[in-house]
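upload_9.cif, holding mmCIF, C-alpha atoms and all ligand atoms:
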```cif
data_target
#
loop_
_atom_site.label_atom_id
_atom_site.label_comp_id
_atom_site.auth_asym_id
_atom_site.auth_seq_id
_atom_site.Cartn_x
_atom_site.Cartn_y
_atom_site.Cartn_z
CA MET A 1463 -217.32 -10.28 8.92
CA THR A 1464 -218.30 -13.89 8.30
CA GLU A 1465 -215.74 -16.47 9.34
CA SER A 1466 -214.45 -18.96 6.75
CA PRO A 1467 -216.32 -22.28 6.73
CA ILE A 1468 -213.03 -23.96 5.69
CA VAL A 1469 -211.24 -25.95 8.40
CA PRO A 1470 -207.74 -27.41 7.87
CA THR A 1471 -207.46 -31.04 9.01
CA ILE A 1472 -203.80 -30.46 9.92
CA PRO A 1473 -202.09 -27.72 11.95
CA LEU A 1474 -200.64 -25.01 9.71
CA ASP A 1475 -197.93 -24.02 12.20
CA ALA A 1476 -196.63 -27.33 13.60
CA GLN A 1477 -193.08 -28.55 13.06
CA GLY A 1478 -192.46 -31.55 10.79
CA VAL A 1479 -194.47 -32.82 7.83
CA HIS A 1480 -198.26 -32.84 7.84
CA HIS A 1481 -200.42 -34.01 4.93
CA GLY A 1482 -204.12 -33.25 5.09
CA PHE A 1483 -206.95 -31.25 3.62
CA LEU A 1484 -208.70 -27.94 3.70
CA LYS A 1485 -212.23 -29.16 4.42
CA LEU A 1486 -215.06 -27.09 2.95
CA PRO A 1487 -218.59 -28.29 3.74
CA HIS A 1488 -220.52 -28.72 0.48
CA SER A 1489 -224.06 -30.03 0.79
CA ARG A 1490 -225.31 -31.45 -2.50
CA ASP A 1491 -227.55 -34.08 -4.10
CA ASP A 1492 -225.09 -36.97 -3.88
CA SER A 1493 -223.79 -36.13 -0.39
CA ALA A 1494 -226.04 -34.13 1.93
CA TRP A 1495 -223.30 -33.54 4.51
CA GLY A 1496 -220.40 -33.81 2.07
CA ALA A 1497 -217.32 -31.65 1.75
CA VAL A 1498 -214.83 -30.42 -0.81
CA MET A 1499 -211.46 -31.74 0.42
CA ILE A 1500 -208.54 -29.69 -0.91
CA PRO A 1501 -205.19 -31.48 -0.40
CA ILE A 1502 -202.55 -29.56 1.55
CA THR A 1503 -199.10 -30.34 2.92
CA VAL A 1504 -197.21 -28.20 5.43
CA ILE A 1505 -193.50 -28.81 6.04
CA ALA A 1506 -191.92 -26.73 8.80
CA ASN A 1507 -188.65 -26.56 10.66
CA GLY A 1508 -187.62 -23.81 13.09
CA GLU A 1509 -187.56 -20.11 12.35
CA GLY A 1510 -187.52 -18.80 8.81
CA PRO A 1511 -189.63 -17.51 5.95
CA THR A 1512 -192.85 -19.11 4.71
CA ALA A 1513 -193.36 -20.06 1.06
CA LEU A 1514 -196.85 -20.74 -0.28
CA LEU A 1515 -196.72 -22.93 -3.41
CA THR A 1516 -199.92 -23.39 -5.40
CA GLY A 1517 -201.05 -25.31 -8.46
CA ALA A 1518 -204.27 -25.97 -10.41
CA ASN A 1519 -205.70 -22.51 -9.84
CA HIS A 1520 -207.06 -23.49 -13.25
CA GLY A 1521 -208.00 -27.16 -13.16
CA ASP A 1522 -206.52 -28.20 -16.53
CA GLU A 1523 -202.91 -27.11 -15.90
CA TYR A 1524 -200.65 -29.90 -14.70
CA GLU A 1525 -196.99 -29.03 -14.05
CA GLY A 1526 -197.79 -27.49 -10.65
CA PRO A 1527 -199.86 -30.42 -9.36
CA ILE A 1528 -197.17 -32.92 -10.41
CA ALA A 1529 -194.08 -31.06 -9.18
CA LEU A 1530 -195.76 -29.97 -5.94
CA GLN A 1531 -196.99 -33.48 -5.07
CA GLU A 1532 -193.45 -34.73 -5.63
CA LEU A 1533 -192.09 -31.94 -3.40
CA ALA A 1534 -194.57 -32.80 -0.64
CA MET A 1535 -193.37 -36.42 -0.76
CA SER A 1536 -189.65 -35.67 -0.86
CA LEU A 1537 -188.87 -32.48 1.08
CA LYS A 1538 -187.54 -33.25 4.57
CA PRO A 1539 -187.98 -30.80 7.47
CA ALA A 1540 -184.28 -31.07 8.28
CA GLU A 1541 -183.49 -29.67 4.81
CA ILE A 1542 -185.32 -26.39 5.44
CA LYS A 1543 -185.46 -23.36 7.71
CA GLY A 1544 -188.97 -21.98 7.90
CA ARG A 1545 -192.09 -23.36 6.34
CA VAL A 1546 -193.42 -24.55 2.99
CA ILE A 1547 -197.20 -24.64 2.50
CA ILE A 1548 -198.07 -26.75 -0.54
CA LEU A 1549 -201.46 -26.60 -2.25
CA PRO A 1550 -201.04 -28.55 -5.50
CA MET A 1551 -204.74 -28.57 -6.45
CA MET A 1552 -206.05 -25.32 -4.97
CA ASN A 1553 -209.07 -25.41 -7.29
CA LEU A 1554 -209.82 -29.06 -6.49
CA PRO A 1555 -213.32 -29.16 -8.06
CA ALA A 1556 -211.96 -27.90 -11.40
CA PHE A 1557 -208.89 -30.15 -11.19
CA ALA A 1558 -211.06 -33.23 -10.53
CA ALA A 1559 -213.19 -32.37 -13.58
CA GLY A 1560 -210.17 -31.51 -15.78
CA THR A 1561 -211.64 -28.08 -16.48
CA ARG A 1562 -210.38 -24.52 -16.23
CA CYS A 1563 -213.33 -23.28 -14.21
CA SER A 1564 -215.14 -24.93 -11.32
CA PRO A 1565 -217.97 -27.26 -12.38
CA ILE A 1566 -219.75 -26.42 -9.10
CA ASP A 1567 -220.33 -22.71 -9.60
CA GLY A 1568 -218.85 -22.09 -13.06
CA ALA A 1569 -216.37 -19.62 -11.58
CA ASN A 1570 -212.85 -18.93 -12.83
CA MET A 1571 -210.78 -19.03 -9.61
CA ASN A 1572 -208.28 -16.56 -11.02
CA ARG A 1573 -211.02 -13.93 -11.40
CA SER A 1574 -212.61 -14.65 -7.99
CA PHE A 1575 -210.12 -13.23 -5.48
CA PRO A 1576 -210.26 -12.04 -2.74
CA GLY A 1577 -213.40 -14.19 -2.50
CA ARG A 1578 -216.15 -14.28 0.11
CA ALA A 1579 -216.59 -16.36 3.26
CA ASP A 1580 -220.34 -16.53 2.51
CA GLY A 1581 -219.99 -16.90 -1.27
CA THR A 1582 -219.96 -19.78 -3.73
CA VAL A 1583 -217.55 -22.72 -3.38
CA THR A 1584 -214.88 -20.98 -5.48
CA GLN A 1585 -215.31 -17.71 -3.59
CA LYS A 1586 -215.00 -19.54 -0.25
CA ILE A 1587 -211.75 -21.24 -1.32
CA CYS A 1588 -210.36 -17.92 -2.56
CA HIS A 1589 -211.37 -16.20 0.67
CA PHE A 1590 -209.59 -18.78 2.83
CA ILE A 1591 -206.42 -18.64 0.75
CA ALA A 1592 -206.43 -14.83 0.65
CA SER A 1593 -207.32 -14.24 4.30
CA VAL A 1594 -205.58 -17.16 6.06
CA LEU A 1595 -202.73 -18.53 3.90
CA VAL A 1596 -201.39 -15.51 2.00
CA PRO A 1597 -200.97 -13.32 5.13
CA GLN A 1598 -198.72 -16.06 6.60
CA ALA A 1599 -196.51 -16.21 3.49
CA ASP A 1600 -193.42 -14.22 2.59
CA ILE A 1601 -193.21 -15.57 -0.94
CA VAL A 1602 -195.91 -17.08 -3.17
CA LEU A 1603 -195.43 -19.15 -6.32
CA ASP A 1604 -198.55 -19.92 -8.37
CA PHE A 1605 -198.12 -22.43 -11.21
CA HIS A 1606 -199.99 -21.91 -14.45
CA SER A 1607 -199.88 -23.31 -17.97
CA GLY A 1608 -202.15 -22.73 -20.91
CA GLY A 1609 -204.78 -25.32 -20.07
CA LYS A 1610 -206.72 -27.03 -22.84
CA THR A 1611 -207.07 -23.95 -25.06
CA LEU A 1612 -203.65 -22.26 -24.88
CA ASP A 1613 -200.00 -23.24 -25.26
CA PHE A 1614 -197.06 -21.15 -23.99
CA LEU A 1615 -193.32 -20.97 -24.29
CA PRO A 1616 -192.20 -22.08 -20.81
CA PHE A 1617 -191.75 -18.94 -18.73
CA ALA A 1618 -191.77 -17.54 -15.23
CA ALA A 1619 -193.28 -14.09 -14.86
CA ALA A 1620 -193.59 -11.13 -12.55
CA HIS A 1621 -195.60 -7.93 -12.88
CA VAL A 1622 -194.79 -4.26 -13.00
CA LEU A 1623 -195.85 -2.90 -9.58
CA GLU A 1624 -196.23 0.57 -8.07
CA ASP A 1625 -194.01 -0.37 -5.12
CA LYS A 1626 -190.61 -0.61 -6.82
CA THR A 1627 -188.97 -2.39 -3.85
CA GLN A 1628 -191.64 -5.10 -4.00
CA GLU A 1629 -191.38 -5.20 -7.80
CA ALA A 1630 -187.61 -5.72 -7.60
CA ALA A 1631 -188.11 -8.57 -5.11
CA CYS A 1632 -190.66 -10.21 -7.42
CA PHE A 1633 -188.35 -9.94 -10.45
CA ALA A 1634 -185.43 -11.34 -8.41
CA ALA A 1635 -187.61 -14.32 -7.46
CA MET A 1636 -188.66 -14.78 -11.10
CA GLN A 1637 -184.98 -14.83 -12.13
CA ALA A 1638 -184.26 -17.36 -9.38
CA PHE A 1639 -186.98 -19.65 -10.77
CA ASN A 1640 -184.89 -19.58 -13.96
CA ALA A 1641 -187.35 -20.88 -16.52
CA PRO A 1642 -186.11 -20.91 -20.15
CA TYR A 1643 -187.97 -17.59 -20.58
CA SER A 1644 -188.54 -14.81 -18.02
CA VAL A 1645 -191.35 -12.37 -18.71
CA ARG A 1646 -192.24 -8.92 -17.44
CA MET A 1647 -195.92 -9.63 -17.74
CA LEU A 1648 -198.84 -7.41 -18.60
CA GLU A 1649 -202.27 -8.78 -17.61
CA ILE A 1650 -205.21 -7.97 -19.87
CA ASP A 1651 -207.76 -8.61 -17.13
CA ASN A 1652 -206.14 -8.50 -13.67
CA VAL A 1653 -209.19 -7.80 -11.46
CA GLY A 1654 -209.86 -10.76 -9.18
CA MET A 1655 -206.60 -12.53 -9.95
CA PHE A 1656 -204.68 -14.37 -7.22
CA ASP A 1657 -201.60 -12.48 -8.45
CA THR A 1658 -203.25 -9.11 -7.79
CA GLU A 1659 -204.39 -10.16 -4.30
CA VAL A 1660 -200.97 -11.49 -3.26
CA GLU A 1661 -199.22 -8.39 -4.63
CA ALA A 1662 -201.73 -6.11 -2.86
CA GLN A 1663 -200.75 -7.82 0.41
CA GLY A 1664 -197.15 -6.75 -0.26
CA LYS A 1665 -195.81 -10.26 -0.82
CA VAL A 1666 -193.20 -11.52 -3.26
CA PHE A 1667 -195.11 -13.19 -6.08
CA VAL A 1668 -193.99 -15.30 -9.04
CA THR A 1669 -196.25 -16.98 -11.56
CA THR A 1670 -195.52 -19.25 -14.52
CA GLU A 1671 -196.87 -20.34 -17.86
CA LEU A 1672 -195.02 -23.58 -18.50
CA GLY A 1673 -196.76 -25.08 -21.50
CA GLY A 1674 -200.36 -26.07 -21.97
CA ALA A 1675 -202.64 -27.92 -24.37
CA GLY A 1676 -204.27 -29.61 -21.38
CA THR A 1677 -201.27 -31.78 -20.50
CA SER A 1678 -197.62 -31.61 -19.36
CA SER A 1679 -194.33 -32.93 -20.72
CA PRO A 1680 -191.07 -34.19 -19.21
CA ARG A 1681 -189.49 -30.85 -20.13
CA THR A 1682 -192.18 -28.65 -18.58
CA VAL A 1683 -192.36 -30.71 -15.37
CA SER A 1684 -188.57 -30.59 -15.02
CA ILE A 1685 -188.71 -26.79 -15.38
CA ALA A 1686 -191.28 -26.71 -12.56
CA ARG A 1687 -189.21 -29.02 -10.35
CA LYS A 1688 -186.02 -26.98 -10.82
CA GLY A 1689 -187.88 -23.69 -10.38
CA ILE A 1690 -189.36 -24.72 -7.02
CA ARG A 1691 -185.96 -25.77 -5.69
CA ASN A 1692 -184.27 -22.59 -6.93
CA LEU A 1693 -187.02 -20.42 -5.47
CA LEU A 1694 -186.82 -22.09 -2.05
CA ILE A 1695 -183.04 -21.57 -2.04
CA HIS A 1696 -183.50 -17.95 -3.14
CA ALA A 1697 -186.02 -17.42 -0.30
CA GLY A 1698 -183.52 -18.71 2.27
CA ILE A 1699 -185.70 -21.71 3.12
CA LEU A 1700 -183.68 -24.46 1.45
CA ALA A 1701 -179.88 -24.78 1.59
CA GLY A 1702 -177.84 -25.56 -1.50
CA GLU A 1703 -176.77 -24.14 -4.83
CA MET A 1704 -179.26 -22.87 -7.39
CA GLU A 1705 -179.19 -24.54 -10.78
CA VAL A 1706 -178.91 -21.66 -13.22
CA ALA A 1707 -179.13 -21.84 -17.01
CA GLU A 1708 -179.58 -19.15 -19.63
CA THR A 1709 -183.01 -17.50 -19.70
CA VAL A 1710 -184.41 -15.28 -22.44
CA GLN A 1711 -185.81 -12.02 -21.04
CA LEU A 1712 -189.11 -10.98 -22.58
CA ASP A 1713 -191.30 -7.95 -22.10
CA MET A 1714 -194.99 -7.28 -22.74
CA PRO A 1715 -195.00 -3.48 -23.02
CA ASP A 1716 -198.66 -2.95 -23.94
CA ALA A 1717 -201.87 -4.43 -25.33
CA ARG A 1718 -200.37 -4.62 -28.86
CA CYS A 1719 -198.74 -7.85 -27.66
CA PHE A 1720 -202.09 -9.63 -27.92
CA VAL A 1721 -203.66 -10.77 -31.18
CA PHE A 1722 -207.33 -11.72 -31.16
CA CYS A 1723 -209.38 -13.45 -33.83
CA GLU A 1724 -212.01 -11.43 -35.68
CA VAL A 1725 -213.53 -14.37 -37.54
CA ALA A 1726 -214.51 -17.97 -36.76
CA GLY A 1727 -213.10 -20.97 -38.59
CA LEU A 1728 -210.24 -23.39 -39.04
CA VAL A 1729 -206.95 -21.92 -37.81
CA GLU A 1730 -203.63 -22.48 -39.61
CA TYR A 1731 -200.58 -21.23 -37.70
CA LEU A 1732 -197.81 -19.80 -39.86
CA VAL A 1733 -195.35 -19.25 -37.00
CA GLU A 1734 -194.11 -21.70 -34.35
CA LEU A 1735 -193.92 -20.82 -30.63
CA GLY A 1736 -190.53 -19.17 -30.06
CA GLU A 1737 -190.20 -17.93 -33.66
CA HIS A 1738 -189.71 -14.28 -34.47
CA VAL A 1739 -192.44 -12.38 -36.30
CA GLY A 1740 -192.28 -8.86 -37.74
CA GLU A 1741 -194.85 -6.13 -37.18
CA GLY A 1742 -197.74 -6.55 -39.62
CA GLU A 1743 -196.79 -10.11 -40.53
CA PRO A 1744 -199.42 -12.83 -40.31
CA ILE A 1745 -199.04 -15.32 -37.46
CA ALA A 1746 -202.03 -17.39 -38.53
CA ARG A 1747 -204.77 -17.52 -41.10
CA VAL A 1748 -208.31 -18.71 -40.61
CA TRP A 1749 -210.03 -20.82 -43.25
CA PRO A 1750 -213.80 -21.14 -43.39
CA SER A 1751 -214.99 -24.29 -41.67
CA ASP A 1752 -218.18 -24.49 -43.71
CA ARG A 1753 -217.53 -23.60 -47.40
CA MET A 1754 -215.16 -23.70 -50.36
CA GLY A 1755 -213.90 -20.94 -52.63
CA VAL A 1756 -213.24 -18.33 -49.91
CA GLN A 1757 -209.83 -16.83 -49.09
CA PRO A 1758 -208.57 -17.35 -45.52
CA ILE A 1759 -208.49 -14.32 -43.19
CA GLU A 1760 -205.05 -13.42 -41.85
CA CYS A 1761 -204.33 -12.62 -38.18
CA ARG A 1762 -201.37 -10.21 -38.08
CA ALA A 1763 -198.90 -9.25 -35.37
CA SER A 1764 -199.33 -5.64 -34.33
CA ARG A 1765 -195.71 -5.47 -33.14
CA SER A 1766 -192.54 -7.43 -33.83
CA GLY A 1767 -191.33 -10.01 -31.33
CA ILE A 1768 -191.48 -13.72 -30.66
CA LEU A 1769 -194.60 -15.83 -30.54
CA ALA A 1770 -194.89 -16.68 -26.83
CA ALA A 1771 -198.39 -18.18 -26.70
CA ARG A 1772 -201.02 -19.49 -29.10
CA HIS A 1773 -204.50 -20.96 -29.31
CA VAL A 1774 -204.56 -24.78 -29.22
CA PRO A 1775 -207.77 -26.22 -30.72
CA GLY A 1776 -207.90 -26.49 -34.49
CA LEU A 1777 -211.10 -24.48 -34.66
CA ILE A 1778 -211.18 -20.88 -33.52
CA LYS A 1779 -214.05 -18.54 -32.65
CA LEU A 1780 -214.67 -14.84 -33.10
CA GLY A 1781 -212.95 -13.08 -30.18
CA ASP A 1782 -210.61 -15.94 -29.30
CA PHE A 1783 -206.99 -15.21 -28.44
CA VAL A 1784 -204.70 -16.08 -31.38
CA GLY A 1785 -201.19 -15.17 -30.25
CA LEU A 1786 -198.98 -13.35 -27.77
CA ILE A 1787 -196.09 -11.42 -29.27
CA ALA A 1788 -193.48 -10.77 -26.60
CA VAL A 1789 -190.52 -8.45 -27.08
CA GLU A 1790 -186.97 -9.66 -26.53
CA LEU A 1791 -185.04 -7.45 -24.11
CA CA B 1801 -203.84 -20.51 -16.23
#
```
Rewrite the structure of this file - the entire thing - as C-alpha cells.
Ligand code: CA
Amino acid sequence: MTESPIVPTIPLDAQGVHHGFLKLPHSRDDSAWGAVMIPITVIANGEGPTALLTGANHGDEYEGPIALQELAMSLKPAEIKGRVIILPMMNLPAFAAGTRCSPIDGANMNRSFPGRADGTVTQKICHFIASVLVPQADIVLDFHSGGKTLDFLPFAAAHVLEDKTQEAACFAAMQAFNAPYSVRMLEIDNVGMFDTEVEAQGKVFVTTELGGAGTSSPRTVSIARKGIRNLLIHAGILAGEMEVAETVQLDMPDARCFVFCEVAGLVEYLVELGEHVGEGEPIARVWPSDRMGVQPIECRASRSGILAARHVPGLIKLGDFVGLIAVEL
C-alpha cells in the first residue's frame, strides 16, 4: 500500500490549539516544487471524543468555511474535553477557484472517496482524510449547500443505514444540529461520497444542505454556527446547554422525490422553496430560449410534499435537476 504524500504541518494529537496545513506536494508549471496547502486547525484538551468538522467538500458552498473558520478562532481548549479537528476548506483547489469540482483534475471530491494515495490531487486528499482523519474521529459533520446551481431549504440530514444502532446515533446527532429542517436523506448517487465512507467506518455522520446559489446569508451562517455548537455539546466535547428550536422533519422515501428536466430552456418556477405541492402538480415550466409561439413544457411533482431544493440558474438543460419534493413526517 502506498503511503499518503500528505504531511500535516501541525501535530494532530497535541494539546492546545494548532493552526496549520495539510501539505500535498503538487508539481506544476507555475511552481515546480509547489504544494497544495489545505488549512487545518486542531483543538484538543484531555481525554474525550474527537469531532471532525469539514467544509467546502464542494468548493462553491460557503456556510461551512465561514462558521468553521470562526470556530477555529474562538474555541478555547479549556472549553472542551477531547478534540476538534477543523477542515473548513477540505477541497482547497475547488474552494480557491469558487467551483464545485477541482480545477486541477476536474474531480468531484464527493464522488472520489475513499481516494488513492497514488491518485490525482483530489484522490490524494480524499485518501488522507479517509485513512488518517476519519479513523481518529467519533463524529463527523460535513457542511454542504447547493453551490452555484442548486438552492435548498436549510436542513441537516442523516441516512438510512443497515446498522440500526449507528443509524439511530446519526439521527440523534442530526436532531442535535437542529437546523430548521431535518431530513432522512436518500442519495441518488452515493458511490464515492464522503458520507458513505464515514458511515462505512462505523462513525456518527451528519451532513447539511444549508442554502446555496453560490453564496451564504446571515440566516444560513447562523444555522451553521448554532449547529456546530449543539453538535459538540451533544458529542460530549463542549459543555453547556443546546439551543433548540422547532425543526420540521422531512423524509425522502424514494426516487419519486426528484424531478428532472426533460427539455432545455428558460425555467419559470411556480412554487417557492418550502411551499407544498400536490402529486402531479407542476413545480416549474420551461419556456423555449430560442423561439416564439411555443407552449412551455411543465415539470410536475411525482409525489406530494414540500419543495426542498431547486435549480438556480435561469436557464436549464435537458437532464438537469428541477426540484426535490420531500415528505413531511
Ligand atoms: Ca454539495
Find the spatial neighbours of range 1630-1639 of chain A, counting all atoms listed in the file, within a cut-off of 10 Å - ignore same-chain residues fewer than 2 positions away - and output them as a PDB file with C-alpha atoms, in the coordinates of the input.
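Resulting contents of out17.pdb:
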```
ATOM      1  CA  ILE A1601    -193.210 -15.570  -0.940  1.00  0.00           C
ATOM      2  CA  VAL A1602    -195.910 -17.080  -3.170  1.00  0.00           C
ATOM      3  CA  LEU A1603    -195.430 -19.150  -6.320  1.00  0.00           C
ATOM      4  CA  PHE A1617    -191.750 -18.940 -18.730  1.00  0.00           C
ATOM      5  CA  ALA A1618    -191.770 -17.540 -15.230  1.00  0.00           C
ATOM      6  CA  ALA A1619    -193.280 -14.090 -14.860  1.00  0.00           C
ATOM      7  CA  ALA A1620    -193.590 -11.130 -12.550  1.00  0.00           C
ATOM      8  CA  HIS A1621    -195.600  -7.930 -12.880  1.00  0.00           C
ATOM      9  CA  VAL A1622    -194.790  -4.260 -13.000  1.00  0.00           C
ATOM     10  CA  LEU A1623    -195.850  -2.900  -9.580  1.00  0.00           C
ATOM     11  CA  ASP A1625    -194.010  -0.370  -5.120  1.00  0.00           C
ATOM     12  CA  LYS A1626    -190.610  -0.610  -6.820  1.00  0.00           C
ATOM     13  CA  THR A1627    -188.970  -2.390  -3.850  1.00  0.00           C
ATOM     14  CA  GLN A1628    -191.640  -5.100  -4.000  1.00  0.00           C
ATOM     15  CA  ALA A1641    -187.350 -20.880 -16.520  1.00  0.00           C
ATOM     16  CA  PRO A1642    -186.110 -20.910 -20.150  1.00  0.00           C
ATOM     17  CA  TYR A1643    -187.970 -17.590 -20.580  1.00  0.00           C
ATOM     18  CA  SER A1644    -188.540 -14.810 -18.020  1.00  0.00           C
ATOM     19  CA  VAL A1645    -191.350 -12.370 -18.710  1.00  0.00           C
ATOM     20  CA  ARG A1646    -192.240  -8.920 -17.440  1.00  0.00           C
ATOM     21  CA  GLU A1661    -199.220  -8.390  -4.630  1.00  0.00           C
ATOM     22  CA  LYS A1665    -195.810 -10.260  -0.820  1.00  0.00           C
ATOM     23  CA  VAL A1666    -193.200 -11.520  -3.260  1.00  0.00           C
ATOM     24  CA  PHE A1667    -195.110 -13.190  -6.080  1.00  0.00           C
ATOM     25  CA  VAL A1668    -193.990 -15.300  -9.040  1.00  0.00           C
ATOM     26  CA  THR A1669    -196.250 -16.980 -11.560  1.00  0.00           C
ATOM     27  CA  THR A1670    -195.520 -19.250 -14.520  1.00  0.00           C
ATOM     28  CA  ILE A1685    -188.710 -26.790 -15.380  1.00  0.00           C
ATOM     29  CA  ALA A1686    -191.280 -26.710 -12.560  1.00  0.00           C
ATOM     30  CA  ARG A1687    -189.210 -29.020 -10.350  1.00  0.00           C
ATOM     31  CA  LYS A1688    -186.020 -26.980 -10.820  1.00  0.00           C
ATOM     32  CA  GLY A1689    -187.880 -23.690 -10.380  1.00  0.00           C
ATOM     33  CA  ILE A1690    -189.360 -24.720  -7.020  1.00  0.00           C
ATOM     34  CA  ARG A1691    -185.960 -25.770  -5.690  1.00  0.00           C
ATOM     35  CA  ASN A1692    -184.270 -22.590  -6.930  1.00  0.00           C
ATOM     36  CA  LEU A1693    -187.020 -20.420  -5.470  1.00  0.00           C
ATOM     37  CA  LEU A1694    -186.820 -22.090  -2.050  1.00  0.00           C
ATOM     38  CA  ILE A1695    -183.040 -21.570  -2.040  1.00  0.00           C
ATOM     39  CA  HIS A1696    -183.500 -17.950  -3.140  1.00  0.00           C
ATOM     40  CA  ALA A1697    -186.020 -17.420  -0.300  1.00  0.00           C
ATOM     41  CA  MET A1704    -179.260 -22.870  -7.390  1.00  0.00           C
ATOM     42  CA  GLU A1705    -179.190 -24.540 -10.780  1.00  0.00           C
ATOM     43  CA  VAL A1706    -178.910 -21.660 -13.220  1.00  0.00           C
ATOM     44  CA  THR A1709    -183.010 -17.500 -19.700  1.00  0.00           C
ATOM     45  CA  GLN A1711    -185.810 -12.020 -21.040  1.00  0.00           C
TER      46      GLN A1711
END
```
Counting all atoms listed in the file, which residues of chain A sit at most 7 Å from some atom of ligand CA 1801 (chain B), and what is each one's closest atom pair with its distance in Å to one decimal, listed by chain and rising residue number, as CSV?
```
residue,atom,partner,partner_atom,distance
A:Asn1519,CA,B:CA1801,CA,6.9
A:His1520,CA,B:CA1801,CA,5.3
A:Glu1523,CA,B:CA1801,CA,6.7
A:His1606,CA,B:CA1801,CA,4.5
A:Ser1607,CA,B:CA1801,CA,5.2
A:Gly1608,CA,B:CA1801,CA,5.4
A:Gly1609,CA,B:CA1801,CA,6.2
```
Output for the residues just chosen: C-alpha atoms as a CSV table (one decimal), in the frame of the given file:
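After the write, selection26.csv holds the following:
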```
chain,number,residue,atom,x,y,z
A,1519,ASN,CA,-205.7,-22.5,-9.8
A,1520,HIS,CA,-207.1,-23.5,-13.2
A,1523,GLU,CA,-202.9,-27.1,-15.9
A,1606,HIS,CA,-200.0,-21.9,-14.4
A,1607,SER,CA,-199.9,-23.3,-18.0
A,1608,GLY,CA,-202.2,-22.7,-20.9
A,1609,GLY,CA,-204.8,-25.3,-20.1
```
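Relative to CA of Asp1522 in chain A, CA of Val1546 in chain A is found at 23.8 Å.
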re CA of Glu1525 in chain A and CA of Val1653 in chain A: distance 24.6 Å
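In this structure, CA of Ala1599 in chain A sits 27.6 Å away from CA of Leu1712 in chain A.
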Legend entry - Selected residue of minimal separation from Phe1614 in chain A among A:Leu1549, A:Ile1745, A:Val1789, A:Val1774, counting only C-alpha atoms: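 Residue with the minimum atom-to-atom distance to Phe1614 in chain A: A:Val1774.
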| request: List the neighbours of Glu1734 in chain A out to 10 Å using all atoms listed in the file; skip same-chain residues closer than 6 positions along the sequence, and give me the result as a PyMOL selection string. | output: chain A and resi 1745-1746+1768-1772
Contacts of Asp1567 in chain A at 8 Å or less, counting only C-alpha atoms, minus same-chain residues fewer than 5 places along, as JSON, numbers by chain? {"A": [1582, 1583, 1584]}
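Summary of the local environment: counting only C-alpha atoms, residues at most 7 Å from range 1494-1505 of chain A, other than itself and those fewer than 6 positions away along its chain, are Leu1474, Gly1478, Val1479, His1480, His1481, Gly1482, Phe1483, Leu1484, Lys1485, Leu1486, Pro1487, His1488, Ala1534, Pro1539, Arg1545, Val1546, Ile1547, Ile1548, Leu1549, Met1551, Met1552 and Leu1554 of chain A.
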Which polymer residues, whether protein, DNA or RNA, lie within 10 Å of the coordinate (-209.6, -26.3, -32.7) when you count all atoms listed in the file? List them as an MDAnalysis selection string, using the chain letters and numbers from the file. chainID A and resid 1611 1727:1730 1773:1779
Find the spatial neighbours of Val1725 in chain A, counting only C-alpha atoms, within a cut-off of 9 Å - ignore same-chain residues fewer than 3 positions away - and output them as a PyMOL selection string.
chain A and resi 1748+1750+1759+1778-1782
Starting from the incomplete input, reconstruct N, CA, C and O atoms of range 1532-1541 of chain A and report them as an mmCIF file, keeping the file's coordinate frame.
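Everything below was put into result.cif:
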```cif
data_model
loop_
_atom_site.group_PDB
_atom_site.id
_atom_site.type_symbol
_atom_site.label_atom_id
_atom_site.label_comp_id
_atom_site.auth_asym_id
_atom_site.auth_seq_id
_atom_site.Cartn_x
_atom_site.Cartn_y
_atom_site.Cartn_z
ATOM 1 N N GLU A 1532 -194.781 -34.118 -5.805
ATOM 2 C CA GLU A 1532 -193.450 -34.730 -5.630
ATOM 3 C C GLU A 1532 -192.689 -34.037 -4.499
ATOM 4 O O GLU A 1532 -192.067 -34.689 -3.651
ATOM 5 N N LEU A 1533 -192.762 -32.696 -4.463
ATOM 6 C CA LEU A 1533 -192.090 -31.940 -3.400
ATOM 7 C C LEU A 1533 -192.627 -32.341 -2.033
ATOM 8 O O LEU A 1533 -191.861 -32.544 -1.081
ATOM 9 N N ALA A 1534 -193.953 -32.460 -1.918
ATOM 10 C CA ALA A 1534 -194.570 -32.800 -0.640
ATOM 11 C C ALA A 1534 -194.122 -34.183 -0.154
ATOM 12 O O ALA A 1534 -194.026 -34.436 1.043
ATOM 13 N N MET A 1535 -193.835 -35.073 -1.101
ATOM 14 C CA MET A 1535 -193.370 -36.420 -0.760
ATOM 15 C C MET A 1535 -191.893 -36.442 -0.391
ATOM 16 O O MET A 1535 -191.443 -37.312 0.351
ATOM 17 N N SER A 1536 -191.109 -35.529 -0.951
ATOM 18 C CA SER A 1536 -189.650 -35.670 -0.860
ATOM 19 C C SER A 1536 -188.965 -34.671 0.059
ATOM 20 O O SER A 1536 -187.881 -34.959 0.568
ATOM 21 N N LEU A 1537 -189.560 -33.512 0.290
ATOM 22 C CA LEU A 1537 -188.870 -32.480 1.080
ATOM 23 C C LEU A 1537 -188.866 -32.859 2.568
ATOM 24 O O LEU A 1537 -189.916 -33.139 3.147
ATOM 25 N N LYS A 1538 -187.679 -32.880 3.155
ATOM 26 C CA LYS A 1538 -187.540 -33.250 4.570
ATOM 27 C C LYS A 1538 -187.419 -31.997 5.428
ATOM 28 O O LYS A 1538 -186.709 -31.060 5.052
ATOM 29 N N PRO A 1539 -188.070 -31.979 6.602
ATOM 30 C CA PRO A 1539 -187.980 -30.800 7.470
ATOM 31 C C PRO A 1539 -186.538 -30.403 7.761
ATOM 32 O O PRO A 1539 -186.221 -29.212 7.794
ATOM 33 N N ALA A 1540 -185.670 -31.382 7.939
ATOM 34 C CA ALA A 1540 -184.280 -31.070 8.280
ATOM 35 C C ALA A 1540 -183.566 -30.305 7.163
ATOM 36 O O ALA A 1540 -182.543 -29.658 7.399
ATOM 37 N N GLU A 1541 -184.115 -30.374 5.939
ATOM 38 C CA GLU A 1541 -183.490 -29.670 4.810
ATOM 39 C C GLU A 1541 -183.843 -28.188 4.773
ATOM 40 O O GLU A 1541 -183.261 -27.434 3.993
#
```
